[in-house]
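In what follows, a structure is listed as structure tokens, so that the remarks can point back to it.
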Amino acid sequence: MPRLRSVLSFFKGATLSENWSRFLAAKSLLLLGAATIILAPTLSAFDLNHISATVPVTLSALLALSIVRPSIGLIVATTIFPITGWITQAFSLGPMRLSEALVLVVLGGVIIRLALSPKELKAGSQASAIGIVSASFLFIAVTATSIVVELSLLRTGIIASWLNVWTFLTETLNQITSDYLLGNSVVSLPGLIDGALLIEGLLLVLVILKYSESNPALPRHLAGALVTGAFISAVINLNLLATTVIEADESMTMLARYLGGLRLSGHIQDLNATGSYFLTMMFVGIGFISGRKDSRLLGCVIFTIGIAFWLAGSRSALFAGLVVVLLATGKWVLSKRRGRSRTVLLALVVVVSLLTPLLMVVAYPERNRISAGLQHRVDFTITSIRMWATTPVFGVGTGRYYDLSGDFMPSTLQERYANENAHNNFLQIASELGTIGLAAFLWLIFLGVGRVRKQSRTKQQSDPMLVWTGAGVSAFLLTCLLGHPL
């Protein structure tokens, strides 16, 4: 109470404008503190004993760009994100998570800009975005609490008391600033990286919402950056395909095997996540090129991304894409007036829906064991529900699913895996963050879907970018039910 009274007395007796200025000053200080916390882990990227000097120079330049021109910083980083793994290997930049380093410096730069720019800080959020902001902060709070509890239990064996909080904080901070991005000793900090990725992703969402208010063209520019990054990733995958086929003893046989379902990904290791990513980017790309004069050239870009999607060999992603296309087609057919063409199209949708399982088998002859895949998904679901049931409210802790999964697997699954992820992002979040975390996550998705529907209904002619991006996100969320692309 004394602290609260001192804060209130600070504002008491001042004019409205003076109080507003003091409020903005306090808010700016809080933002600078948040930026300091976000940028602290990037100090580990300045260890020239393990990292090439190119990395800190690049990160410093991106930080400066994000402070001066936040929108440009977001666009540049968005283009580079998908290929950071390939860049790290191709240029021998050392053992680090370059993509997360880019996220941290962009977020830090943007938050510093907000703290130093009273005009941008004063601008409020749109009423339609307030719910998304609230849901995001709730999920961030749940995730951050899970991280703190896990680290505290690790250090002390019990939740840290006020007597050892300082020691706990200094030891953790020293570890984070020394090698967080290198991943050496941070492996001993359970849940930190997994939780940090969730928090960073949501902060990016909030930053984009903030700057989209003053720059309505930003979402389209970001869509172009996403498509560009996906195209570069697809080219990397096709280059790997060409190299593998050329070096094979029977090149044409090897090419036929890849086209028939032999899986390939050259920019990230998770093949199912690769399929989810390229599927989403195809939909975003179609929306981006709609109505553009250079649509033929960009069509070739989308086609290249489509080939990379096929090479990933993800049946769950293919299934999700088919479902979204069929639902969209069915909705379009039902919205038309009665007539012969409407009946024919509706019949076509029904037939294709019934033939989808057969299409899944024919599409990938190299991967025709669908029954085994379905059984594994059932077993993973059982594993997740068992784990969730042990701590249904708060979860077992972010990032702990993989390590604990072996204790909850059915015997049929234990014969193949010692440990594994849930193969269902929703159940993995439920198991790690409990019902509270899952509720916040679903609330965020619900609000996002509602906003898209509202925008599409209020406009006389739906924006193709909005429609196709919505389809891409829908397909991605469907793949989250069958894998863990997040």
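All residue names refer to the structure tokens as shown: chains lettered A, B, ... in order, residues numbered from 1 in each chain, ligands numbered from 1 in order.
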
Q: Just the residues within 8 Å of Leu182 in chain A, please, counting only C-alpha atoms, with nothing from its chain fewer than 4 positions along; format it as a PyMOL selection string.
A: chain A and resi 44-45+95-97

Q) So, counting only C-alpha atoms, which residue among A:Phe81, A:Phe426, A:Tyr180, A:Phe309 is closest to Thr228 in chain A? A)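 Answer, going by the shortest atom-to-atom distance: A:Phe81.
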
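Of the residues under consideration (A:Ala320, A:Leu262, A:Met282, A:Ile132), A:Ile132 shows the shortest atom-to-atom contact distance to Lys210 in chain A when counting only C-alpha atoms.
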
Q: State, in Å with one decimal place, the distance from CA of Leu43 in chain A to CA of Leu59 in chain A.
A: 10.4 Å

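Using only C-alpha atoms, the smallest distance between any of A:Thr244, A:Ser314, A:Ser431, A:Thr383 and Arg263 in chain A comes from A:Ser314.
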
(Q) I need the residues of range 29-277 of chain A that end up classed as helix (DSSP H, G or I) by DSSP on the backbone, written out as a PyMOL selection string. (A) chain A and resi 29-46+54-68+70-90+98-116+118-122+127-156+165-179+185-188+192-214+218-247+251-259+271-277

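Nearest to Leu192 in chain A of all the residues A:Val449, A:Ala317, A:Leu39, A:Ala144 is A:Ala144, counting only C-alpha atoms.
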
Q. Of the candidates A:Gly287, A:Pro392, A:Gly73, A:Gly131, which one gets nearest to Gly450 in chain A if we count only C-alpha atoms?
A.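 That would be A:Gly131, the residue with the smallest distance to Gly450 in chain A.
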
(Q) To one decimal place in Å, what is the distance between CA of Arg400 in chain A and CA of Glu432 in chain A? (A)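 CA of Glu432 in chain A lies 6.7 Å from CA of Arg400 in chain A.
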
Q: Show which residues sit within 9 Å of Ile307 in chain A, as a list in words. Count only C-alpha atoms, and ignore same-chain residues fewer than 4 positions away.
A: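 In the requested format, the answer is Ala234, Leu238, Ile302, Phe303, Leu311 and Ala312 of chain A.
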
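Interatomic distance, CA of Thr170 in chain A against CA of Ala196 in chain A: 18.5 Å.
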